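What follows is a short report on a single structure.
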Amino acid sequence: MFYYLALAAILFSIGMFGVLTRRNTIGILMSLELMFNAANINFVAFNRYIITESMAGQLFAIFIIVVAAAEATVGLAIVLLVYRNWKGIDSDNYSVMKW
Amino acid sequence: MTESADIGIVFWVLSFVILVSAFMVVSLKNIFHCALFLIMCLFSVAGIFVLLDAEFLAAAQVLIYVGAVAILMIFAIMLTSNLASRKIRQVNENVSVGVFVSVLFALASIILIAQTHIWHYKTDFTPVENSIVILGKYLMIQYVLPFEVVSILLLASLIGAIVLARKERS
């Protein structure tokens with residue numbers, strides 16, 4: 001179980017690095033997906049090694065997947081809107097949130 | 001750790017692929033290549049789910065992440081950026097701070113995980129039979145309210161995406 005948790009921690013750190021350093025907004029969204037996956041690995045590992053007879057961890061992971069899909073949808077719609085208004089999707093293009 | 005016997009070669013291969021492709025996702029210059037490496041990383045996470053006896057979750061991961069979210073990302077990349085000839089910097093000026101914070105976070109969490117002894121986790125368990133049946137019963141009986149709430153969330157995000165991305169005609 002230690003190895004799964006360590007893998008999830010490293011994956012989360014890589015995702016956090018991406019969120020902190022990317023300029024492209026889609027790159028930030030992809031790094032966010034990496035962080036969601038790290039959380040999912042944690043949930044499933046705890047579910048298997050601690051509460052094997054229950055399925056609560058896997059249910060949480062399913063809900064996380066659904067929420068991540070919703071987040072990606074709305075985020076990409078915002079990205080398209082930003083691209084239409086500013087002709088670029090680098091995150092320092094739109095420091096102004098009104099027009 | 002005494003459980004290293006049941007961590008096989010498959011786990012090491014999968015985690016190697018996950019970490020390398022995740023690093024490629026955050027470090028490559030071409031954002032389209034990043035999306036392809038993201039797909040590879042998500043596939044390998046599905047393999048980790050199979051190793052952890054979560055077959056339904058692995059299938060859902062492949063269907064939703066690889067099939068929907070990553071394709072959505074690729075669509076957005078193609079719609080927005082002129083990516084093929086992009087040679088500008090893809091990172092902002094926070095690189096050193098980001099490296100510092102991420103490495104610190106990874107080291108701290110791994111040390112904390114290694115030092116924690118409170119888990120009485122099982123190493124001699126038998127995998128649950130018919131896990132999909134149990135999962136469906138949970139979803140329909142005990143967790144039916146979160147199930148409905150998450151469907152409302154999906155509907156809201158669908159409508160929100162349509163409203164946001166629609167062209168305004170005035």
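Identifiers for the structure tokens are assigned positionally: chains receive A, B, ... in sequence, residues are indexed from 1 per chain, and ligands are indexed from 1 in the order shown.
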Distance filter 8 Å, only C-alpha atoms, chain A against chain B, as number ranges by chain: A: 1-2, 5-7, 9-18, 20-24, 26-27, 30-31, 34, 37, 41, 44-45, 48-50, 52-53, 55, 58-59, 61-63, 65-67, 69-74, 76-81, 83, 88-89
I'd like to know which residues of chain B are helix (DSSP H, G or I) (by DSSP, run on the backbone); could you write them as a PyMOL selection string? chain B and resi 2-5+9-27+31-51+55-80+95-115+131-142+144-165
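Straight-line separation from CA of Ser21 in chain B to CA of Met40 in chain B: 6.7 Å.
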Rank B:Val133, B:Phe37, B:Lys29, B:Val13 by their smallest atom-to-atom distance to Glu55 in chain B, using only C-alpha atoms, and report the top residue only. B:Val133
Could you state the separation of CA of Met35 in chain A and CA of Ile71 in chain B in Å, given to one decimal place?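 Calculated distance between CA of Met35 in chain A and CA of Ile71 in chain B is 18.3 Å.
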By how many Å are CA of Val10 in chain B and CA of Asn47 in chain A apart? 20.0 Å
